[in-house]
Amino acid sequence: MGTEKVSKLLFRLSAPSIIGMLVYAFYNVVDTIFIGRALGEESVSGIGGLVIAFPIHMLAMGIAIGLGIGGSSIVSRALGSKELHKAEKALGTVFFLGIFLGFAYSFTGLFFLESLLKIFGATPGIMPYARAYLEIIMAGSAVFTLGIATEDLVRAEGNARYAMFGMIFGAGLNIILDPIFITTGAQRVTNTPSFR
């Protein structure tokens with residue numbers, strides 16, 4: 001990375017990052033589609049629950065991005081100045097903080113879930129849907145936080161394609177697991193017999 005032309009590096013590193021972020025933006029579209037299909041006539045309340053849960057989920061993403069960008073800045077500068085020990089130390093710190101903050105966010109969120117949802121505007125009609133959706137999201141917050149943070153570190157090392165493949169893998173897994181988790185959640189909330 002230290003010897004190539006900036007224009008070539010810009011394209012090589014930005015194109016996979018843009019593709020990865022577009023794929024990640026697709027997550028909520030897919031969730032909305034599956035919720036609409038699973039709930040049928042009650043999909044307005046279900047999608048309302050998704051809308052209420054989204055900012056709470058984005059707080060976890062904000063923590064992860066903050067860790068990843070801060071860590072990747074240190075790693076990039078350390079690699080540029082050939083201070084490998086400093087880069088390794090930053091990587092270890094991001095891993096530790098990603099796991100620690102992810103679990104802390106997950107446990108705190110699950111413990112105060114109903115209060116959080118009320119703060120974000122959940123009405124009694126939307127509450128069961130938002131809670132069912134967010135329980136699964138909160139349970140996976142530690143893995144999610146660590147995954148997002150490490151994607152930035154992988155980019156800092158110059159392997160933007162690996163970060164893109166990680167995001168595509170995550171989106172693919174989301175699409176595969178959505179029918180299972182959303183249908184199960186819909187059945188639990190509404191006693192809906194099956195996915196439509």
# chains A, B, ... in the order shown; residues from 1 in each chain; ligands from 1
>>> residues_around(residues="Gly98 in chain A", least_positions_apart="5", cutoff="8 Å", atoms="only C-alpha atoms", output="VMD selection string")
chain A and resid 64 67 142 145 to 146 149
>>> write_last_selection(atoms="all heavy atoms", output="PDB file, in the first residue's frame")
ATOM      1  N   ALA A  64     -19.548  -0.309  17.402  1.00  0.00           N
ATOM      2  CA  ALA A  64     -18.647  -1.127  16.582  1.00  0.00           C
ATOM      3  C   ALA A  64     -17.870  -0.287  15.583  1.00  0.00           C
ATOM      4  O   ALA A  64     -16.660  -0.464  15.413  1.00  0.00           O
ATOM      5  CB  ALA A  64     -19.452  -2.195  15.858  1.00  0.00           C
ATOM      6  N   LEU A  67     -15.169   1.754  17.353  1.00  0.00           N
ATOM      7  CA  LEU A  67     -14.015   0.911  17.662  1.00  0.00           C
ATOM      8  C   LEU A  67     -13.205   0.610  16.405  1.00  0.00           C
ATOM      9  O   LEU A  67     -11.981   0.693  16.400  1.00  0.00           O
ATOM     10  CB  LEU A  67     -14.473  -0.418  18.270  1.00  0.00           C
ATOM     11  CG  LEU A  67     -14.877  -0.440  19.721  1.00  0.00           C
ATOM     12  CD1 LEU A  67     -15.443  -1.800  20.085  1.00  0.00           C
ATOM     13  CD2 LEU A  67     -13.687  -0.120  20.604  1.00  0.00           C
ATOM     14  N   ALA A 142     -22.840  -9.123  20.648  1.00  0.00           N
ATOM     15  CA  ALA A 142     -21.397  -9.287  20.858  1.00  0.00           C
ATOM     16  C   ALA A 142     -20.714  -9.704  19.558  1.00  0.00           C
ATOM     17  O   ALA A 142     -19.685  -9.136  19.171  1.00  0.00           O
ATOM     18  CB  ALA A 142     -21.128 -10.304  21.956  1.00  0.00           C
ATOM     19  N   THR A 145     -20.971  -6.711  17.009  1.00  0.00           N
ATOM     20  CA  THR A 145     -20.041  -5.626  17.322  1.00  0.00           C
ATOM     21  C   THR A 145     -18.623  -5.988  16.914  1.00  0.00           C
ATOM     22  O   THR A 145     -17.923  -5.199  16.277  1.00  0.00           O
ATOM     23  CB  THR A 145     -20.091  -5.289  18.835  1.00  0.00           C
ATOM     24  OG1 THR A 145     -21.429  -4.963  19.172  1.00  0.00           O
ATOM     25  CG2 THR A 145     -19.191  -4.134  19.189  1.00  0.00           C
ATOM     26  N   LEU A 146     -18.200  -7.189  17.258  1.00  0.00           N
ATOM     27  CA  LEU A 146     -16.849  -7.626  16.910  1.00  0.00           C
ATOM     28  C   LEU A 146     -16.680  -7.735  15.399  1.00  0.00           C
ATOM     29  O   LEU A 146     -15.650  -7.329  14.853  1.00  0.00           O
ATOM     30  CB  LEU A 146     -16.548  -8.968  17.578  1.00  0.00           C
ATOM     31  CG  LEU A 146     -15.126  -9.479  17.428  1.00  0.00           C
ATOM     32  CD1 LEU A 146     -14.125  -8.504  18.038  1.00  0.00           C
ATOM     33  CD2 LEU A 146     -14.987 -10.847  18.065  1.00  0.00           C
ATOM     34  N   ALA A 149     -16.410  -4.183  13.805  1.00  0.00           N
ATOM     35  CA  ALA A 149     -15.140  -3.551  14.181  1.00  0.00           C
ATOM     36  C   ALA A 149     -13.970  -4.162  13.417  1.00  0.00           C
ATOM     37  O   ALA A 149     -13.074  -3.447  12.951  1.00  0.00           O
ATOM     38  CB  ALA A 149     -14.911  -3.672  15.687  1.00  0.00           C
TER      39      ALA A 149
END
>>> residues_around(residues="Leu91 in chain A", least_positions_apart="3", cutoff="8 Å", atoms="only C-alpha atoms", output="number ranges by chain")
A: 71, 75, 87-88, 94-95, 153
>>> write_last_selection(atoms="all heavy atoms", output="PDB file, in the first residue's frame")
ATOM      1  N   GLY A  71      -9.550   2.027  15.800  1.00  0.00           N
ATOM      2  CA  GLY A  71      -8.497   1.013  15.738  1.00  0.00           C
ATOM      3  C   GLY A  71      -7.812   0.960  14.392  1.00  0.00           C
ATOM      4  O   GLY A  71      -6.580   0.818  14.312  1.00  0.00           O
ATOM      5  N   VAL A  75      -3.877   1.238  13.485  1.00  0.00           N
ATOM      6  CA  VAL A  75      -3.231   0.140  12.757  1.00  0.00           C
ATOM      7  C   VAL A  75      -2.601   0.659  11.462  1.00  0.00           C
ATOM      8  O   VAL A  75      -1.460   0.313  11.145  1.00  0.00           O
ATOM      9  CB  VAL A  75      -4.232  -0.997  12.477  1.00  0.00           C
ATOM     10  CG1 VAL A  75      -3.682  -1.990  11.475  1.00  0.00           C
ATOM     11  CG2 VAL A  75      -4.607  -1.708  13.765  1.00  0.00           C
ATOM     12  N   ALA A  87       0.702  -2.033  15.999  1.00  0.00           N
ATOM     13  CA  ALA A  87      -0.463  -2.482  15.232  1.00  0.00           C
ATOM     14  C   ALA A  87      -1.100  -3.702  15.892  1.00  0.00           C
ATOM     15  O   ALA A  87      -2.330  -3.785  16.014  1.00  0.00           O
ATOM     16  CB  ALA A  87      -0.064  -2.798  13.794  1.00  0.00           C
ATOM     17  N   GLU A  88      -0.278  -4.637  16.349  1.00  0.00           N
ATOM     18  CA  GLU A  88      -0.803  -5.837  17.014  1.00  0.00           C
ATOM     19  C   GLU A  88      -1.497  -5.482  18.323  1.00  0.00           C
ATOM     20  O   GLU A  88      -2.527  -6.057  18.667  1.00  0.00           O
ATOM     21  CB  GLU A  88       0.333  -6.834  17.274  1.00  0.00           C
ATOM     22  CG  GLU A  88       0.843  -7.488  16.007  1.00  0.00           C
ATOM     23  CD  GLU A  88       2.110  -8.304  16.239  1.00  0.00           C
ATOM     24  OE1 GLU A  88       2.637  -8.310  17.374  1.00  0.00           O
ATOM     25  OE2 GLU A  88       2.569  -8.923  15.268  1.00  0.00           O
ATOM     26  N   VAL A  94      -8.845  -3.675  20.197  1.00  0.00           N
ATOM     27  CA  VAL A  94     -10.142  -3.623  19.512  1.00  0.00           C
ATOM     28  C   VAL A  94     -10.901  -4.931  19.708  1.00  0.00           C
ATOM     29  O   VAL A  94     -12.112  -4.922  19.959  1.00  0.00           O
ATOM     30  CB  VAL A  94      -9.977  -3.280  18.014  1.00  0.00           C
ATOM     31  CG1 VAL A  94     -11.281  -3.476  17.250  1.00  0.00           C
ATOM     32  CG2 VAL A  94      -9.485  -1.858  17.841  1.00  0.00           C
ATOM     33  N   PHE A  95     -10.198  -6.054  19.628  1.00  0.00           N
ATOM     34  CA  PHE A  95     -10.858  -7.345  19.855  1.00  0.00           C
ATOM     35  C   PHE A  95     -11.433  -7.417  21.264  1.00  0.00           C
ATOM     36  O   PHE A  95     -12.584  -7.801  21.456  1.00  0.00           O
ATOM     37  CB  PHE A  95      -9.857  -8.499  19.640  1.00  0.00           C
ATOM     38  CG  PHE A  95      -9.948  -9.114  18.286  1.00  0.00           C
ATOM     39  CD1 PHE A  95      -9.442  -8.464  17.173  1.00  0.00           C
ATOM     40  CD2 PHE A  95     -10.546 -10.343  18.112  1.00  0.00           C
ATOM     41  CE1 PHE A  95      -9.524  -9.023  15.916  1.00  0.00           C
ATOM     42  CE2 PHE A  95     -10.643 -10.919  16.865  1.00  0.00           C
ATOM     43  CZ  PHE A  95     -10.129 -10.264  15.763  1.00  0.00           C
ATOM     44  N   LEU A 153     -10.701  -3.020  10.529  1.00  0.00           N
ATOM     45  CA  LEU A 153      -9.292  -3.376  10.719  1.00  0.00           C
ATOM     46  C   LEU A 153      -8.743  -4.119   9.511  1.00  0.00           C
ATOM     47  O   LEU A 153      -7.587  -3.913   9.117  1.00  0.00           O
ATOM     48  CB  LEU A 153      -9.126  -4.221  11.982  1.00  0.00           C
ATOM     49  CG  LEU A 153      -9.413  -3.503  13.291  1.00  0.00           C
ATOM     50  CD1 LEU A 153      -9.465  -4.500  14.432  1.00  0.00           C
ATOM     51  CD2 LEU A 153      -8.377  -2.432  13.564  1.00  0.00           C
TER      52      LEU A 153
END
>>> atom_distance(atom1="CA of Ala53 in chain A", atom2="CA of Phe144 in chain A")
15.4 Å
>>> residues_around(residues="Met138 in chain A", least_positions_apart="5", cutoff="7 Å", atoms="only C-alpha atoms", output="ChimeraX atom specification")
/A:106,109-110
>>> closest_residue(among="A:Ala139, A:Ala90, A:Leu101, A:Ala130", to="Arg77 in chain A", atoms="only C-alpha atoms")
A:Ala90
>>> closest_residue(among="A:Ile136, A:Ala163, A:Met127, A:Ile180", to="Ile52 in chain A", atoms="only C-alpha atoms")
A:Met127
>>> closest_residue(among="A:Thr123, A:Ser73, A:Ser17, A:Thr108", to="Gly48 in chain A", atoms="only C-alpha atoms")
A:Thr123
>>> closest_residue(among="A:Ala132, A:Ile74, A:Leu84, A:Ile56", to="Phe120 in chain A", atoms="only C-alpha atoms")
A:Ile56
>>> atom_distance(atom1="CA of Val143 in chain A", atom2="CA of Gly46 in chain A")
24.9 Å
>>> residues_around(residues="Ile175 in chain A", least_positions_apart="6", cutoff="9 Å", atoms="only C-alpha atoms", output="list in words")
Tyr27, Val30 and Asp31 of chain A
>>> write_last_selection(atoms="all heavy atoms", output="tab-separated table (two decimals), in the first residue's frame")
chain	number	residue	atom	x	y	z
A	27	TYR	N	-29.85	-5.48	4.47
A	27	TYR	CA	-30.32	-6.26	5.63
A	27	TYR	C	-31.74	-5.88	6.02
A	27	TYR	O	-32.60	-6.73	6.17
A	27	TYR	CB	-29.43	-5.95	6.84
A	27	TYR	CG	-28.24	-6.84	7.05
A	27	TYR	CD1	-27.30	-7.02	6.07
A	27	TYR	CD2	-28.04	-7.46	8.27
A	27	TYR	CE1	-26.19	-7.80	6.28
A	27	TYR	CE2	-26.92	-8.24	8.50
A	27	TYR	CZ	-25.99	-8.42	7.49
A	27	TYR	OH	-24.91	-9.19	7.70
A	30	VAL	N	-34.54	-6.74	3.57
A	30	VAL	CA	-34.88	-8.16	3.63
A	30	VAL	C	-35.71	-8.47	4.88
A	30	VAL	O	-36.71	-9.18	4.80
A	30	VAL	CB	-33.59	-9.03	3.59
A	30	VAL	CG1	-33.90	-10.49	3.86
A	30	VAL	CG2	-32.90	-8.87	2.24
A	31	ASP	N	-35.31	-7.91	6.02
A	31	ASP	CA	-36.08	-8.11	7.25
A	31	ASP	C	-37.51	-7.62	7.08
A	31	ASP	O	-38.46	-8.29	7.50
A	31	ASP	CB	-35.42	-7.38	8.43
A	31	ASP	CG	-34.15	-8.06	8.91
A	31	ASP	OD1	-33.82	-9.15	8.40
A	31	ASP	OD2	-33.48	-7.49	9.78
>>> residues_around(residues="Gly36 in chain A", least_positions_apart="2", cutoff="12 Å", atoms="only C-alpha atoms", output="list in words")
Val29, Val30, Asp31, Thr32, Ile33, Phe34, Ala38, Leu39, Gly40, Glu41, Glu42, Ser43, Val44, Ser45, Gly46, Ile47, Gly48, Gly49, Leu50, Tyr129, Asp178, Pro179, Ile182, Thr183, Ala186, Phe195 and Arg196 of chain A
>>> decode(residues="range 68-184 of chain A", atoms="C-alpha atoms", output="PDB file, in the first residue's frame")
ATOM      1  CA  GLY A  68     -13.238  -0.160  14.108  1.00  0.00           C
ATOM      2  CA  ILE A  69     -12.434   3.273  12.727  1.00  0.00           C
ATOM      3  CA  GLY A  70     -10.393   4.298  15.766  1.00  0.00           C
ATOM      4  CA  GLY A  71      -8.497   1.013  15.738  1.00  0.00           C
ATOM      5  CA  SER A  72      -7.972   1.028  11.979  1.00  0.00           C
ATOM      6  CA  SER A  73      -6.500   4.532  12.155  1.00  0.00           C
ATOM      7  CA  ILE A  74      -3.925   3.356  14.712  1.00  0.00           C
ATOM      8  CA  VAL A  75      -3.231   0.140  12.757  1.00  0.00           C
ATOM      9  CA  SER A  76      -2.787   2.004   9.456  1.00  0.00           C
ATOM     10  CA  ARG A  77      -0.355   4.513  10.935  1.00  0.00           C
ATOM     11  CA  ALA A  78       1.546   1.786  12.788  1.00  0.00           C
ATOM     12  CA  LEU A  79       1.877  -0.331   9.640  1.00  0.00           C
ATOM     13  CA  GLY A  80       2.975   2.729   7.656  1.00  0.00           C
ATOM     14  CA  SER A  81       5.743   3.485  10.159  1.00  0.00           C
ATOM     15  CA  LYS A  82       6.698  -0.230  10.401  1.00  0.00           C
ATOM     16  CA  GLU A  83       5.682  -0.438  14.085  1.00  0.00           C
ATOM     17  CA  LEU A  84       4.159  -3.922  13.931  1.00  0.00           C
ATOM     18  CA  HIS A  85       4.046  -4.273  17.723  1.00  0.00           C
ATOM     19  CA  LYS A  86       1.873  -1.158  17.968  1.00  0.00           C
ATOM     20  CA  ALA A  87      -0.463  -2.482  15.232  1.00  0.00           C
ATOM     21  CA  GLU A  88      -0.803  -5.837  17.014  1.00  0.00           C
ATOM     22  CA  LYS A  89      -1.505  -4.101  20.319  1.00  0.00           C
ATOM     23  CA  ALA A  90      -4.235  -1.961  18.701  1.00  0.00           C
ATOM     24  CA  LEU A  91      -5.739  -5.064  17.095  1.00  0.00           C
ATOM     25  CA  GLY A  92      -5.836  -6.875  20.439  1.00  0.00           C
ATOM     26  CA  THR A  93      -7.400  -3.868  22.138  1.00  0.00           C
ATOM     27  CA  VAL A  94     -10.142  -3.623  19.512  1.00  0.00           C
ATOM     28  CA  PHE A  95     -10.858  -7.345  19.855  1.00  0.00           C
ATOM     29  CA  PHE A  96     -11.075  -7.124  23.642  1.00  0.00           C
ATOM     30  CA  LEU A  97     -13.223  -3.982  23.607  1.00  0.00           C
ATOM     31  CA  GLY A  98     -15.437  -5.373  20.831  1.00  0.00           C
ATOM     32  CA  ILE A  99     -16.195  -8.504  22.834  1.00  0.00           C
ATOM     33  CA  PHE A 100     -16.524  -6.688  26.170  1.00  0.00           C
ATOM     34  CA  LEU A 101     -18.723  -3.834  24.902  1.00  0.00           C
ATOM     35  CA  GLY A 102     -20.768  -6.204  22.728  1.00  0.00           C
ATOM     36  CA  PHE A 103     -21.607  -8.435  25.705  1.00  0.00           C
ATOM     37  CA  ALA A 104     -22.212  -5.411  27.952  1.00  0.00           C
ATOM     38  CA  TYR A 105     -24.588  -3.918  25.365  1.00  0.00           C
ATOM     39  CA  SER A 106     -26.295  -7.273  24.892  1.00  0.00           C
ATOM     40  CA  PHE A 107     -26.862  -7.963  28.603  1.00  0.00           C
ATOM     41  CA  THR A 108     -27.879  -4.383  29.389  1.00  0.00           C
ATOM     42  CA  GLY A 109     -30.217  -4.269  26.400  1.00  0.00           C
ATOM     43  CA  LEU A 110     -31.883  -7.566  27.252  1.00  0.00           C
ATOM     44  CA  PHE A 111     -32.263  -6.587  30.913  1.00  0.00           C
ATOM     45  CA  PHE A 112     -33.845  -3.182  30.125  1.00  0.00           C
ATOM     46  CA  LEU A 113     -35.467  -4.205  26.834  1.00  0.00           C
ATOM     47  CA  GLU A 114     -39.036  -3.122  27.550  1.00  0.00           C
ATOM     48  CA  SER A 115     -37.934   0.213  29.052  1.00  0.00           C
ATOM     49  CA  LEU A 116     -35.696   0.897  26.051  1.00  0.00           C
ATOM     50  CA  LEU A 117     -38.508   0.162  23.636  1.00  0.00           C
ATOM     51  CA  LYS A 118     -40.858   2.490  25.528  1.00  0.00           C
ATOM     52  CA  ILE A 119     -38.226   5.260  25.416  1.00  0.00           C
ATOM     53  CA  PHE A 120     -37.983   4.796  21.645  1.00  0.00           C
ATOM     54  CA  GLY A 121     -41.771   5.050  21.283  1.00  0.00           C
ATOM     55  CA  ALA A 122     -43.138   1.496  21.287  1.00  0.00           C
ATOM     56  CA  THR A 123     -46.896   1.469  21.800  1.00  0.00           C
ATOM     57  CA  PRO A 124     -48.701  -1.496  23.446  1.00  0.00           C
ATOM     58  CA  GLY A 125     -49.695  -2.781  19.984  1.00  0.00           C
ATOM     59  CA  ILE A 126     -46.148  -2.636  18.631  1.00  0.00           C
ATOM     60  CA  MET A 127     -44.332  -3.744  21.813  1.00  0.00           C
ATOM     61  CA  PRO A 128     -44.625  -7.554  21.350  1.00  0.00           C
ATOM     62  CA  TYR A 129     -43.263  -7.342  17.786  1.00  0.00           C
ATOM     63  CA  ALA A 130     -40.417  -4.993  18.674  1.00  0.00           C
ATOM     64  CA  ARG A 131     -39.492  -7.128  21.694  1.00  0.00           C
ATOM     65  CA  ALA A 132     -39.532 -10.399  19.693  1.00  0.00           C
ATOM     66  CA  TYR A 133     -37.343  -8.865  16.976  1.00  0.00           C
ATOM     67  CA  LEU A 134     -34.929  -7.081  19.308  1.00  0.00           C
ATOM     68  CA  GLU A 135     -34.411 -10.044  21.638  1.00  0.00           C
ATOM     69  CA  ILE A 136     -32.682 -11.914  18.817  1.00  0.00           C
ATOM     70  CA  ILE A 137     -30.718  -8.831  17.734  1.00  0.00           C
ATOM     71  CA  MET A 138     -29.553  -8.153  21.302  1.00  0.00           C
ATOM     72  CA  ALA A 139     -28.562 -11.774  21.840  1.00  0.00           C
ATOM     73  CA  GLY A 140     -26.174 -11.502  18.874  1.00  0.00           C
ATOM     74  CA  SER A 141     -24.803  -8.031  19.682  1.00  0.00           C
ATOM     75  CA  ALA A 142     -21.397  -9.287  20.858  1.00  0.00           C
ATOM     76  CA  VAL A 143     -20.735 -11.127  17.588  1.00  0.00           C
ATOM     77  CA  PHE A 144     -22.181  -8.257  15.546  1.00  0.00           C
ATOM     78  CA  THR A 145     -20.041  -5.626  17.322  1.00  0.00           C
ATOM     79  CA  LEU A 146     -16.849  -7.626  16.910  1.00  0.00           C
ATOM     80  CA  GLY A 147     -17.618  -8.386  13.249  1.00  0.00           C
ATOM     81  CA  ILE A 148     -18.217  -4.756  12.274  1.00  0.00           C
ATOM     82  CA  ALA A 149     -15.140  -3.551  14.181  1.00  0.00           C
ATOM     83  CA  THR A 150     -12.840  -6.121  12.582  1.00  0.00           C
ATOM     84  CA  GLU A 151     -14.067  -5.311   9.071  1.00  0.00           C
ATOM     85  CA  ASP A 152     -12.539  -1.849   9.459  1.00  0.00           C
ATOM     86  CA  LEU A 153      -9.292  -3.376  10.719  1.00  0.00           C
ATOM     87  CA  VAL A 154      -9.129  -5.704   7.718  1.00  0.00           C
ATOM     88  CA  ARG A 155      -9.583  -2.681   5.426  1.00  0.00           C
ATOM     89  CA  ALA A 156      -6.807  -0.839   7.283  1.00  0.00           C
ATOM     90  CA  GLU A 157      -4.466  -3.689   6.457  1.00  0.00           C
ATOM     91  CA  GLY A 158      -5.290  -3.223   2.773  1.00  0.00           C
ATOM     92  CA  ASN A 159      -7.612  -6.233   2.326  1.00  0.00           C
ATOM     93  CA  ALA A 160     -10.865  -4.454   1.512  1.00  0.00           C
ATOM     94  CA  ARG A 161     -12.056  -7.446  -0.520  1.00  0.00           C
ATOM     95  CA  TYR A 162     -11.945  -9.730   2.531  1.00  0.00           C
ATOM     96  CA  ALA A 163     -14.024  -7.208   4.467  1.00  0.00           C
ATOM     97  CA  MET A 164     -16.499  -7.105   1.552  1.00  0.00           C
ATOM     98  CA  PHE A 165     -16.738 -10.914   1.476  1.00  0.00           C
ATOM     99  CA  GLY A 166     -17.366 -10.890   5.234  1.00  0.00           C
ATOM    100  CA  MET A 167     -20.241  -8.441   4.788  1.00  0.00           C
ATOM    101  CA  ILE A 168     -21.678 -10.462   1.890  1.00  0.00           C
ATOM    102  CA  PHE A 169     -21.429 -13.649   3.983  1.00  0.00           C
ATOM    103  CA  GLY A 170     -23.258 -11.899   6.841  1.00  0.00           C
ATOM    104  CA  ALA A 171     -25.992 -10.648   4.511  1.00  0.00           C
ATOM    105  CA  GLY A 172     -26.372 -14.109   2.967  1.00  0.00           C
ATOM    106  CA  LEU A 173     -26.644 -15.683   6.400  1.00  0.00           C
ATOM    107  CA  ASN A 174     -29.250 -13.059   7.321  1.00  0.00           C
ATOM    108  CA  ILE A 175     -31.318 -13.942   4.246  1.00  0.00           C
ATOM    109  CA  ILE A 176     -31.093 -17.669   5.033  1.00  0.00           C
ATOM    110  CA  LEU A 177     -31.944 -17.297   8.733  1.00  0.00           C
ATOM    111  CA  ASP A 178     -34.634 -14.606   8.348  1.00  0.00           C
ATOM    112  CA  PRO A 179     -37.449 -17.019   7.442  1.00  0.00           C
ATOM    113  CA  ILE A 180     -36.589 -19.193  10.444  1.00  0.00           C
ATOM    114  CA  PHE A 181     -36.216 -16.489  13.093  1.00  0.00           C
ATOM    115  CA  ILE A 182     -38.905 -14.109  11.843  1.00  0.00           C
ATOM    116  CA  THR A 183     -41.462 -16.863  11.318  1.00  0.00           C
ATOM    117  CA  THR A 184     -40.700 -18.289  14.774  1.00  0.00           C
TER     118      THR A 184
END
